[in-house]
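Here is protein-v7.csv, consisting of CSV, C-alpha atoms:
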chain,number,residue,atom,x,y,z
A,12,MET,CA,6.5,10.8,19.2
A,13,PRO,CA,4.1,10.4,22.1
A,14,ASN,CA,1.6,13.1,21.1
A,15,ILE,CA,0.5,11.6,17.7
A,16,VAL,CA,-1.7,8.7,16.8
A,17,ALA,CA,-1.4,7.0,13.4
A,18,LEU,CA,-4.4,5.5,11.5
A,19,ILE,CA,-3.9,3.1,8.6
A,20,TYR,CA,-6.9,2.5,6.4
A,21,SER,CA,-7.3,1.4,2.8
A,22,SER,CA,-10.4,3.5,2.3
A,23,GLU,CA,-10.5,3.2,-1.6
A,24,PHE,CA,-10.4,-0.6,-1.8
A,25,LYS,CA,-12.5,-2.1,-4.6
A,26,GLU,CA,-12.1,-5.9,-4.7
A,27,ARG,CA,-13.2,-6.1,-8.4
A,28,ASN,CA,-10.2,-4.0,-9.4
A,29,TYR,CA,-7.9,-6.9,-8.4
A,30,GLY,CA,-9.8,-9.9,-9.7
A,31,VAL,CA,-8.8,-13.2,-8.1
A,32,LEU,CA,-5.8,-11.7,-6.3
A,33,CYS,CA,-8.1,-10.1,-3.7
A,34,LYS,CA,-10.6,-13.0,-3.4
A,35,ASN,CA,-9.1,-14.1,-0.1
A,36,ARG,CA,-7.1,-11.1,1.0
A,37,PRO,CA,-7.4,-7.2,1.3
A,38,ASP,CA,-5.5,-5.0,-1.1
A,39,TYR,CA,-2.9,-4.0,1.5
A,40,MET,CA,-2.0,-7.6,2.1
A,41,LEU,CA,-0.9,-8.2,-1.5
A,42,PRO,CA,2.7,-9.6,-1.7
A,43,PHE,CA,5.2,-7.0,-3.0
A,44,GLY,CA,8.8,-7.0,-4.1
A,45,GLY,CA,9.8,-10.6,-3.5
A,46,ARG,CA,9.3,-10.9,0.3
A,47,TYR,CA,7.2,-8.1,1.5
A,48,ARG,CA,3.5,-7.1,1.8
A,49,ILE,CA,2.2,-3.7,0.8
A,50,ILE,CA,1.2,-2.9,4.4
A,51,ASP,CA,4.9,-3.2,5.4
A,52,PHE,CA,5.7,0.2,4.0
A,53,ALA,CA,3.1,2.1,6.0
A,54,LEU,CA,3.9,0.3,9.2
A,55,SER,CA,7.7,0.7,8.7
A,56,ASN,CA,7.4,4.4,7.9
A,57,ILE,CA,5.3,5.0,11.0
A,58,ALA,CA,7.7,2.9,13.2
A,59,ASN,CA,10.8,4.6,11.8
A,60,HIS,CA,9.3,7.9,13.2
A,61,ASP,CA,8.8,6.4,16.6
A,62,ILE,CA,5.0,6.6,16.6
A,63,SER,CA,3.9,4.1,19.3
A,64,ARG,CA,0.1,4.3,18.9
A,65,VAL,CA,-1.2,2.9,15.7
A,66,VAL,CA,-4.7,1.8,14.6
A,67,LEU,CA,-5.0,-0.4,11.6
A,68,TYR,CA,-8.5,-0.7,10.1
A,69,ALA,CA,-8.4,-4.2,8.7
A,70,ASP,CA,-10.7,-5.7,6.0
A,71,ARG,CA,-13.4,-8.2,6.6
A,72,MET,CA,-11.0,-10.9,5.2
A,73,ILE,CA,-8.8,-10.5,8.3
A,74,ARG,CA,-7.0,-13.9,8.5
A,75,SER,CA,-4.0,-12.9,6.4
A,76,THR,CA,-3.8,-9.6,8.3
A,77,LEU,CA,-3.6,-11.3,11.6
A,78,ASP,CA,-1.2,-14.0,10.3
A,79,HIS,CA,1.3,-11.4,8.9
A,80,ILE,CA,1.1,-8.6,11.3
A,81,GLY,CA,0.0,-10.3,14.6
A,82,ASN,CA,0.8,-8.0,17.5
A,83,GLY,CA,3.1,-5.8,15.5
A,84,LYS,CA,6.3,-7.3,16.8
A,85,SER,CA,8.2,-7.0,13.5
A,86,TRP,CA,7.7,-3.2,13.7
A,87,GLU,CA,8.2,-2.9,17.5
A,88,LEU,CA,4.6,-2.1,18.0
A,89,ASN,CA,4.0,-4.9,20.6
A,90,ARG,CA,4.1,-2.5,23.5
A,91,ARG,CA,2.6,-2.6,27.0
A,92,ASN,CA,1.4,1.0,26.6
A,93,GLY,CA,0.1,2.0,23.2
A,94,GLY,CA,1.2,-0.2,20.3
A,95,LEU,CA,-0.9,-1.6,17.5
A,96,LEU,CA,-4.7,-1.9,17.6
A,97,ILE,CA,-6.4,-3.8,14.8
A,98,ASN,CA,-10.0,-2.8,14.3
A,99,SER,CA,-12.7,-3.5,11.6
A,100,PRO,CA,-13.9,-0.9,9.2
A,101,SER,CA,-17.5,0.3,8.9
A,102,TYR,CA,-19.7,-0.2,5.9
A,103,THR,CA,-22.8,1.5,4.6
A,104,SER,CA,-26.1,-0.3,4.0
A,105,ASP,CA,-25.1,-1.2,0.5
A,106,GLY,CA,-21.9,-2.8,1.6
A,107,THR,CA,-19.5,0.0,0.6
A,108,LEU,CA,-16.7,1.3,2.9
A,109,SER,CA,-17.5,4.4,4.9
A,110,GLU,CA,-14.4,6.3,6.0
A,111,ILE,CA,-16.2,8.7,8.2
A,112,GLU,CA,-18.2,6.0,10.0
A,113,THR,CA,-15.0,3.9,10.4
A,114,TYR,CA,-13.2,6.6,12.3
A,115,TYR,CA,-16.3,7.7,14.2
A,116,ASP,CA,-16.9,4.1,15.5
A,117,THR,CA,-13.5,4.3,17.2
A,118,ILE,CA,-14.0,7.8,18.6
A,119,ARG,CA,-13.7,6.6,22.1
A,120,TYR,CA,-10.2,5.5,21.4
A,121,PHE,CA,-9.2,9.1,20.4
A,122,GLU,CA,-10.9,10.4,23.5
A,123,ASP,CA,-9.3,7.9,25.9
A,124,HIS,CA,-5.8,8.3,24.4
A,125,PRO,CA,-5.3,12.1,24.2
A,126,SER,CA,-2.8,13.3,21.5
A,127,ASP,CA,-2.2,16.5,19.7
A,128,TYR,CA,-2.2,15.2,16.2
A,129,ILE,CA,-3.7,12.4,14.1
A,130,TYR,CA,-1.7,11.0,11.1
A,131,ILE,CA,-3.9,9.2,8.6
A,132,LYS,CA,-2.3,6.9,6.0
A,133,ASN,CA,-3.7,4.9,3.1
A,134,PRO,CA,-1.3,2.0,2.7
A,135,MET,CA,-1.9,1.7,-1.1
A,136,TYR,CA,0.0,5.0,-1.5
A,137,ILE,CA,3.5,3.6,-1.1
A,138,ASN,CA,6.1,6.2,0.0
A,139,LYS,CA,8.3,7.2,2.9
A,140,VAL,CA,7.1,10.6,4.0
A,141,ASP,CA,8.9,12.5,6.7
A,142,ILE,CA,6.3,12.4,9.4
A,143,THR,CA,8.5,14.1,12.0
A,144,ASP,CA,9.2,17.1,9.8
A,145,ALA,CA,5.5,17.3,8.9
A,146,LYS,CA,4.6,17.6,12.6
A,147,GLU,CA,7.3,20.2,13.1
A,148,THR,CA,5.9,22.1,10.1
A,149,MET,CA,2.4,22.1,11.7
A,150,GLU,CA,3.7,23.3,15.0
A,151,SER,CA,6.0,26.1,13.6
A,152,ASN,CA,3.3,27.4,11.3
A,153,ASP,CA,0.3,26.9,13.6
A,154,LEU,CA,-1.5,24.8,11.0
A,155,ASP,CA,-4.6,22.8,11.6
A,156,CYS,CA,-4.1,20.3,8.8
A,157,LEU,CA,-1.5,19.1,6.2
A,158,VAL,CA,-2.4,17.4,3.0
A,159,PHE,CA,0.5,15.3,1.6
A,160,SER,CA,0.9,15.7,-2.2
A,161,SER,CA,3.4,15.6,-5.0
A,162,LYS,CA,3.8,18.4,-7.5
A,163,THR,CA,3.8,16.3,-10.7
A,164,VAL,CA,3.9,16.9,-14.4
A,165,ASP,CA,1.6,14.2,-16.0
A,166,LYS,CA,2.1,14.7,-19.7
A,167,ASP,CA,1.4,11.0,-20.5
A,168,GLY,CA,-1.7,10.7,-18.4
A,169,TYR,CA,-0.2,8.0,-16.1
A,170,TYR,CA,-2.1,9.5,-13.2
A,171,LEU,CA,-5.5,9.9,-14.8
A,172,ASN,CA,-8.4,9.4,-12.4
A,173,ARG,CA,-6.1,9.8,-9.4
A,174,LYS,CA,-7.0,12.2,-6.7
A,175,ILE,CA,-5.6,15.7,-7.1
A,176,ILE,CA,-5.7,18.7,-4.8
A,177,SER,CA,-6.7,22.1,-6.1
A,178,SER,CA,-5.3,25.4,-4.7
A,179,ASP,CA,-6.9,28.8,-4.0
A,180,GLU,CA,-5.4,32.2,-5.0
A,181,GLU,CA,-3.0,32.0,-2.0
A,182,GLY,CA,-1.7,28.6,-3.0
A,183,LYS,CA,-3.5,26.8,-0.2
A,184,PRO,CA,-5.4,23.5,-0.7
A,185,CYS,CA,-9.1,24.2,-1.2
A,186,SER,CA,-10.7,21.0,-2.8
A,187,VAL,CA,-10.1,17.5,-3.9
A,188,GLY,CA,-11.0,16.1,-7.4
A,189,LEU,CA,-10.0,13.6,-10.0
A,190,ASN,CA,-7.2,14.1,-12.6
A,191,LEU,CA,-9.0,14.2,-15.9
A,192,GLY,CA,-6.0,15.3,-17.9
A,193,MET,CA,-7.1,19.0,-18.2
A,194,SER,CA,-3.8,20.2,-16.8
A,195,GLU,CA,-0.3,18.7,-17.0
A,196,ASP,CA,0.8,20.3,-13.7
A,197,ILE,CA,-1.0,18.7,-10.8
A,198,ASP,CA,-0.8,18.3,-7.1
A,199,LEU,CA,-1.2,14.6,-6.8
A,200,PHE,CA,-2.7,13.4,-3.5
A,201,LEU,CA,-0.4,10.9,-1.7
A,202,GLY,CA,-2.8,9.2,0.6
A,203,SER,CA,-1.7,11.0,3.8
A,204,ILE,CA,-3.2,13.6,6.1
A,205,MET,CA,-2.0,15.1,9.4
A,206,ILE,CA,-4.6,16.9,11.4
A,207,LYS,CA,-5.0,18.3,14.9
A,208,ARG,CA,-6.9,15.9,17.0
A,209,ASP,CA,-9.6,18.3,18.2
A,210,LEU,CA,-10.4,19.4,14.7
A,211,PHE,CA,-10.4,15.8,13.6
A,212,LEU,CA,-13.1,15.0,16.2
A,213,ARG,CA,-15.2,18.0,15.4
A,214,ILE,CA,-15.2,17.1,11.7
A,215,LEU,CA,-16.2,13.5,12.4
A,216,ARG,CA,-19.1,14.6,14.6
A,217,THR,CA,-20.2,17.2,12.1
A,218,ALA,CA,-20.1,14.7,9.2
A,219,MET,CA,-22.1,12.2,11.2
A,220,GLU,CA,-24.7,14.7,12.2
A,221,ARG,CA,-25.2,15.5,8.5
A,222,ASN,CA,-25.3,11.8,7.6
A,223,SER,CA,-22.4,12.4,5.3
A,224,GLN,CA,-20.8,9.5,3.4
A,225,MET,CA,-18.0,11.6,2.0
A,226,SER,CA,-14.3,10.8,2.5
A,227,LEU,CA,-12.4,12.5,5.3
A,228,LEU,CA,-10.5,14.6,2.8
A,229,ASN,CA,-13.8,16.0,1.4
A,230,ALA,CA,-15.2,16.5,4.9
A,231,ILE,CA,-12.1,18.6,5.8
A,232,PHE,CA,-12.6,20.9,2.8
A,233,SER,CA,-16.3,21.2,3.4
A,234,PHE,CA,-16.0,21.9,7.1
A,235,ALA,CA,-17.6,25.2,7.9
A,236,GLY,CA,-15.0,26.3,10.5
A,237,ASP,CA,-11.9,28.4,9.8
A,238,VAL,CA,-9.3,25.7,9.0
A,239,ASN,CA,-5.7,26.6,8.5
A,240,ILE,CA,-4.6,24.0,5.9
A,241,ASP,CA,-1.6,23.7,3.8
A,242,PHE,CA,0.3,21.3,1.5
A,243,TYR,CA,3.2,19.0,2.6
A,244,ARG,CA,4.9,18.1,-0.7
A,245,HIS,CA,6.8,14.9,-1.1
A,246,ASN,CA,9.4,14.9,-3.9
A,247,LYS,CA,10.8,11.3,-3.6
A,248,GLU,CA,9.8,7.9,-5.0
A,249,PHE,CA,6.2,6.8,-4.6
A,250,GLU,CA,3.7,4.3,-6.0
A,251,ILE,CA,-0.1,4.4,-6.1
A,252,ILE,CA,-1.7,1.0,-6.4
A,253,SER,CA,-5.4,0.7,-7.2
A,254,ASP,CA,-5.8,-2.3,-9.5
A,255,ILE,CA,-3.9,-5.2,-11.1
A,256,ASN,CA,-2.2,-3.1,-13.7
A,257,SER,CA,-0.8,-0.5,-11.2
A,258,PHE,CA,0.2,-3.4,-8.9
A,259,PHE,CA,2.1,-5.1,-11.8
A,260,GLU,CA,3.8,-1.9,-12.8
A,261,ALA,CA,4.9,-1.0,-9.3
A,262,ASN,CA,6.5,-4.4,-8.9
A,263,MET,CA,8.3,-4.2,-12.3
A,264,LYS,CA,9.8,-0.8,-11.4
A,265,LEU,CA,11.7,-2.5,-8.6
A,266,LEU,CA,13.9,-4.2,-11.2
A,267,ASN,CA,15.5,-0.8,-11.7
A,268,LYS,CA,18.1,-0.6,-8.9
A,269,GLU,CA,17.7,3.1,-8.4
A,270,ASP,CA,14.0,2.8,-7.8
A,271,PHE,CA,14.5,-0.3,-5.6
A,272,ASP,CA,17.1,1.5,-3.4
A,273,GLN,CA,15.0,4.6,-3.0
A,274,LEU,CA,11.9,2.6,-1.9
A,275,PHE,CA,13.6,0.1,0.4
A,276,TYR,CA,16.7,1.7,1.8
A,277,GLU,CA,16.5,5.5,1.7
A,278,ASP,CA,14.8,7.4,4.6
A,279,GLY,CA,14.5,4.3,6.8
A,280,LEU,CA,14.4,0.5,6.2
A,281,VAL,CA,11.3,-1.5,5.4
A,282,TYR,CA,10.5,-4.3,7.9
A,283,THR,CA,8.4,-7.4,7.4
A,284,LYS,CA,7.5,-10.6,9.2
A,285,SER,CA,10.6,-12.7,9.5
A,286,LYS,CA,10.7,-16.2,8.0
A,287,ASP,CA,13.6,-18.5,8.2
A,288,GLU,CA,14.3,-19.8,4.8
A,289,PRO,CA,17.5,-21.4,3.3
A,290,SER,CA,19.3,-19.6,0.5
A,291,THR,CA,17.9,-20.1,-3.0
A,292,SER,CA,19.5,-22.9,-5.0
A,293,TYR,CA,20.5,-22.3,-8.6
A,294,THR,CA,21.4,-25.4,-10.7
A,295,LYS,CA,24.0,-25.3,-13.5
A,296,GLU,CA,21.1,-25.3,-16.0
A,297,SER,CA,19.6,-22.1,-14.6
A,298,ASN,CA,19.9,-18.6,-16.1
A,299,VAL,CA,18.7,-15.5,-14.2
A,300,ARG,CA,18.8,-12.0,-15.6
A,301,ASN,CA,17.6,-8.7,-14.0
A,302,SER,CA,15.3,-10.4,-11.5
A,303,LEU,CA,14.5,-10.3,-7.8
A,304,ILE,CA,14.7,-13.8,-6.2
A,305,ALA,CA,13.7,-14.4,-2.6
A,306,ASN,CA,15.1,-17.1,-0.3
A,307,GLY,CA,14.0,-20.7,-0.2
A,308,SER,CA,13.5,-21.2,-4.0
A,309,ILE,CA,15.0,-23.7,-6.4
A,310,ILE,CA,15.8,-22.3,-9.9
A,311,ARG,CA,16.5,-24.8,-12.7
A,312,GLY,CA,15.2,-22.8,-15.7
A,313,ASP,CA,15.5,-19.3,-17.2
A,314,VAL,CA,14.2,-16.3,-15.3
A,315,GLU,CA,14.3,-12.8,-16.8
A,316,ASN,CA,12.8,-9.4,-15.7
A,317,SER,CA,10.7,-11.2,-13.0
A,318,ILE,CA,10.1,-11.2,-9.3
A,319,ILE,CA,10.2,-14.6,-7.6
A,320,PHE,CA,8.9,-14.9,-4.0
A,321,ARG,CA,9.9,-17.4,-1.3
A,322,GLY,CA,9.7,-21.2,-1.8
A,323,VAL,CA,9.2,-21.2,-5.6
A,324,ASP,CA,10.2,-24.3,-7.6
A,325,ILE,CA,11.1,-23.6,-11.2
A,326,GLY,CA,11.7,-26.8,-13.3
A,327,LYS,CA,14.3,-27.6,-16.0
A,328,GLY,CA,13.7,-25.9,-19.3
A,329,ALA,CA,11.0,-23.6,-17.8
A,330,THR,CA,11.1,-19.9,-18.9
A,331,ILE,CA,9.8,-17.1,-16.7
A,332,LYS,CA,9.8,-13.6,-18.3
A,333,ASN,CA,8.2,-10.3,-17.2
A,334,SER,CA,6.3,-12.1,-14.4
A,335,ILE,CA,5.5,-12.1,-10.7
A,336,VAL,CA,5.5,-15.5,-9.1
A,337,PHE,CA,4.1,-15.6,-5.5
A,338,GLN,CA,5.2,-17.9,-2.7
A,339,ASP,CA,5.3,-21.7,-3.0
A,340,THR,CA,4.4,-21.7,-6.7
A,341,VAL,CA,5.6,-24.7,-8.7
A,342,ILE,CA,6.6,-24.1,-12.4
A,343,SER,CA,7.1,-27.5,-14.0
A,344,ASP,CA,9.7,-28.5,-16.6
A,345,GLY,CA,9.3,-26.8,-19.9
A,346,ALA,CA,6.5,-24.4,-18.8
A,347,ILE,CA,6.6,-20.8,-20.2
A,348,LEU,CA,5.3,-17.7,-18.4
A,349,ASN,CA,5.3,-14.2,-19.9
A,350,TYR,CA,3.5,-11.3,-18.4
A,351,ALA,CA,1.9,-13.5,-15.7
A,352,ILE,CA,1.1,-13.2,-12.0
A,353,THR,CA,0.7,-16.5,-10.2
A,354,ASP,CA,-0.8,-16.5,-6.7
A,355,LYS,CA,0.4,-18.6,-3.8
A,356,ARG,CA,0.7,-22.3,-4.3
A,357,THR,CA,-0.2,-22.2,-8.0
A,358,PHE,CA,0.9,-25.4,-9.8
A,359,VAL,CA,1.8,-24.9,-13.5
A,360,ASP,CA,2.1,-28.3,-15.2
A,361,LYS,CA,4.8,-29.5,-17.6
A,362,ASP,CA,5.0,-27.6,-20.9
A,363,THR,CA,2.1,-25.3,-20.0
A,364,ARG,CA,2.2,-21.8,-21.5
A,365,LEU,CA,0.7,-18.7,-19.7
A,366,PHE,CA,0.8,-15.5,-21.7
A,367,GLY,CA,-0.6,-12.0,-21.0
A,368,ASN,CA,0.6,-8.6,-21.9
A,369,ARG,CA,1.9,-5.6,-20.0
A,370,SER,CA,-1.5,-3.9,-19.6
A,371,HIS,CA,-3.4,-7.2,-19.0
A,372,PRO,CA,-1.1,-9.8,-17.3
A,373,PHE,CA,-2.4,-13.4,-17.0
A,374,VAL,CA,-3.4,-13.9,-13.4
A,375,THR,CA,-3.9,-17.2,-11.5
A,376,SER,CA,-5.8,-17.7,-8.3
A,377,LYS,CA,-4.5,-19.2,-5.1
A,378,ASP,CA,-3.9,-23.0,-5.2
A,379,GLU,CA,-4.9,-23.1,-8.9
A,380,HIS,CA,-3.7,-26.1,-10.9
A,381,LEU,CA,-2.9,-25.3,-14.6
A,382,GLU,CA,-2.4,-28.0,-17.1
A,383,LYS,CA,-1.4,-27.9,-20.8
A,384,GLY,CA,-4.3,-27.2,-23.0
A,385,LEU,CA,-6.4,-25.5,-20.4

Kindly return the structure encoded in the file as C-alpha cells.
Amino acid sequence: MPNIVALIYSSEFKERNYGVLCKNRPDYMLPFGGRYRIIDFALSNIANHDISRVVLYADRMIRSTLDHIGNGKSWELNRRNGGLLINSPSYTSDGTLSEIETYYDTIRYFEDHPSDYIYIKNPMYINKVDITDAKETMESNDLDCLVFSSKTVDKDGYYLNRKIISSDEEGKPCSVGLNLGMSEDIDLFLGSIMIKRDLFLRILRTAMERNSQMSLLNAIFSFAGDVNIDFYRHNKEFEIISDINSFFEANMKLLNKEDFDQLFYEDGLVYTKSKDEPSTSYTKESNVRNSLIANGSIIRGDVENSIIFRGVDIGKGATIKNSIVFQDTVISDGAILNYAITDKRTFVDKDTRLFGNRSHPFVTSKDEHLEKGL
C-alpha cells in the first residue's frame, strides 16, 4: 500500500514492570514462543499488508534491536525506496517517554514522504489486524480516524487497568480511560490507530503548542476540530503484554494448539530473523509433554508444559515444568525448574531447584550462574 506509513512504538514501556528481563533490552525485544521476538508480530502484520514505509521508534537500549531487525530484510523491508527506518524516541525532562514529542521530532519524515494515512502500532499488543480492510473502511466512510478495539466481556477482571474506549450516544469513540471493573462489557483498546496524515500532523502541532505530554490517543479525543472517528473492532486472538505476569501468561497460552495456530498461522505468517540450527536432539532418557521446543537444543531430562528456546542444554534427570527457558541456557543434571523464566545463557548447576508460582514466576537475569543452595 503506497499511500500509508506505519509507525511502531512501544509508548507504554515501564522497565520496572519486567524486572531483570528488560535490564538490557526493550520490552518489544523479549523472546516469545520459542524462536520469535515480540516485535516480529507487528513487523510481520505490516509486511503482510504490503506497507513499504515503516518507522520503528527503538528504545535507548538499541543493540538487541539492531542485531535482530537490522535493515528489515527478514520482513522484506530492506528496500531502495521506503523500507524500514529505525529512530530513537523522545523523553521528557524527568526521563519518561513522550509519545507526542517522539512523533513530532520526526515530522520532517512525514512531510518529505507524503501519504494519505498513518498507521500507529504498539507492538506489545500482539494481534493480526486487517490493515487493508481498515484503510478501505476509512475511505468508504470518509473517516478521519479509526481506533482499533475488541468488544470484550471481562467478568473475571483479567483486563483490569487496561485502556478502554468509551462511546457517545451514537456509538462513536469519545474518550480513553482505564478499566476499573465498573462494567463487564468493555471496548478494550488494542494498541492501534489509523489516522489521516494531515489530521495527524495538525494534532501533533497543536499538542506541542500546548506543551502537552498526553498520549496520541488522548490528543485525538481532545482535539478541538471536527474529527470523524470510529471503531475498528477486532474479534480474533490477541495478547496484551505489560509486565512479567502477562508475558508469562501469553507464552503459556501458546501451549494450546488452537491459540498457537490462530496467532502464528491464520491471517498471514509471522516472520523472524533466520538462524541456521540443527534439529533438537532427544536422548532415550528424555520425556517431553505438551511443550514447544526450538531447534538446536539437547534434551536429556523431563520437559512438561514449557517453552524451550534455541540452543538449550537440559541434563539427565533434570525436570522442567511450567517454565520458559531462553536461548543457550544450560540446565544441569538433576536440576528442577517449576514456574521459572531463565534469561539467555543462564547456567543452572547440578541438583539446583528453582521454584516460583503462576502469578510470580522465578526469573533469572542474562548470564546468571545459579548453584545449589543459593

For Tyr114 in chain A: contacts at 9 Å, all atoms listed in the file, fewer than 2 positions along chain excluded, given as number ranges by chain
A: 18, 68, 100-101, 109-112, 116-118, 215

One decimal place gives the CA of Ser334 in chain A-CA of Asn316 in chain A separation as 7.2 Å

Just the residues within 10 Å of Leu191 in chain A, please, counting only C-alpha atoms, with nothing from its chain fewer than 6 positions along; format it as a ChimeraX atom specification.
/A:168,170-175

At what distance in Å, to one decimal, does CA of Arg244 in chain A lie from CA of Lys166 in chain A?
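Between CA of Lys166 in chain A and CA of Arg244 in chain A the gap is 19.5 Å.
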
Nearby residues (all atoms listed in the file) at most 8 Å from Arg90 in chain A, same-chain spacing under 4 positions excluded, as a list in words:
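Within the cut-off, the hits are Ser63, Gly94 and Leu95 of chain A.
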
With a distance cut-off of 12 Å and only C-alpha atoms, select the neighbouring residues of Val187 in chain A, excluding the residue or stretch itself and same-chain residues fewer than 5 positions from it, and output the selection as a list in words.
Val158, Ser160, Asn172, Arg173, Lys174, Ile175, Ile176, Ser177, Ser178, Asp179, Ile197, Asp198, Leu199, Phe200, Leu201, Gly202, Met225, Ser226, Leu227, Leu228, Asn229, Ala230, Ile231, Phe232 and Ser233 of chain A

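Minimum distance to Ile50 in chain A across A:His79, A:Arg364, A:Lys247, A:Arg221 (counting all atoms listed in the file) occurs at A:His79.
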
Please identify every residue of range 142-256 of chain A that has at least one atom no farther than 10 Å from an atom of range 273-278 of chain A, counting only C-alpha atoms, and for each give the shortest atom pair and the distance in Å to one decimal, arranged by chain then increasing number, as JSON lines.
{"residue": "A:Lys247", "atom": "CA", "partner": "A:Gln273", "partner_atom": "CA", "distance": 7.9}
{"residue": "A:Glu248", "atom": "CA", "partner": "A:Gln273", "partner_atom": "CA", "distance": 6.5}
{"residue": "A:Phe249", "atom": "CA", "partner": "A:Leu274", "partner_atom": "CA", "distance": 7.6}
{"residue": "A:Glu250", "atom": "CA", "partner": "A:Leu274", "partner_atom": "CA", "distance": 9.3}

In terms of only C-alpha atoms, the residue from A:Glu288, A:Ile318, A:Val16, A:Leu280 at minimal distance from Asn267 in chain A is A:Ile318

Using all atoms listed in the file, which protein or nucleic acid residues come within 10 Å of Leu96 in chain A? Drop anything in the same chain fewer than 3 positions from it, and give the result as an MDAnalysis selection string.
chainID A and resid 18 64:69 82:83 88:89 93 120

Counting all atoms listed in the file, figure out which residue out of A:Ser99, A:Gly45, A:Ser257, A:Phe337 gets nearest to Ser302 in chain A.
A:Gly45

Name the closest residue to Met263 in chain A among the candidates A:Ile214, A:Met72, A:Gly279, A:Gly44; distances are taken between atoms, counting only C-alpha atoms.
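Using only C-alpha atoms, the shortest distance to Met263 in chain A belongs to A:Gly44.
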
Work out how far apart CA of Asn14 in chain A and CA of Ile80 in chain A are and give it in Å to one decimal.
23.8 Å

Pick from A:Asp155, A:Lys162, A:Asn298, A:Glu269, whichever lies nearest to Asp237 in chain A using only C-alpha atoms
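Answer, going by the shortest atom-to-atom distance: A:Asp155.
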
Counting only C-alpha atoms, which of A:Gly326, A:Pro372, A:Gly367, A:Pro13 gets nearest to Ile255 in chain A?
A:Pro372
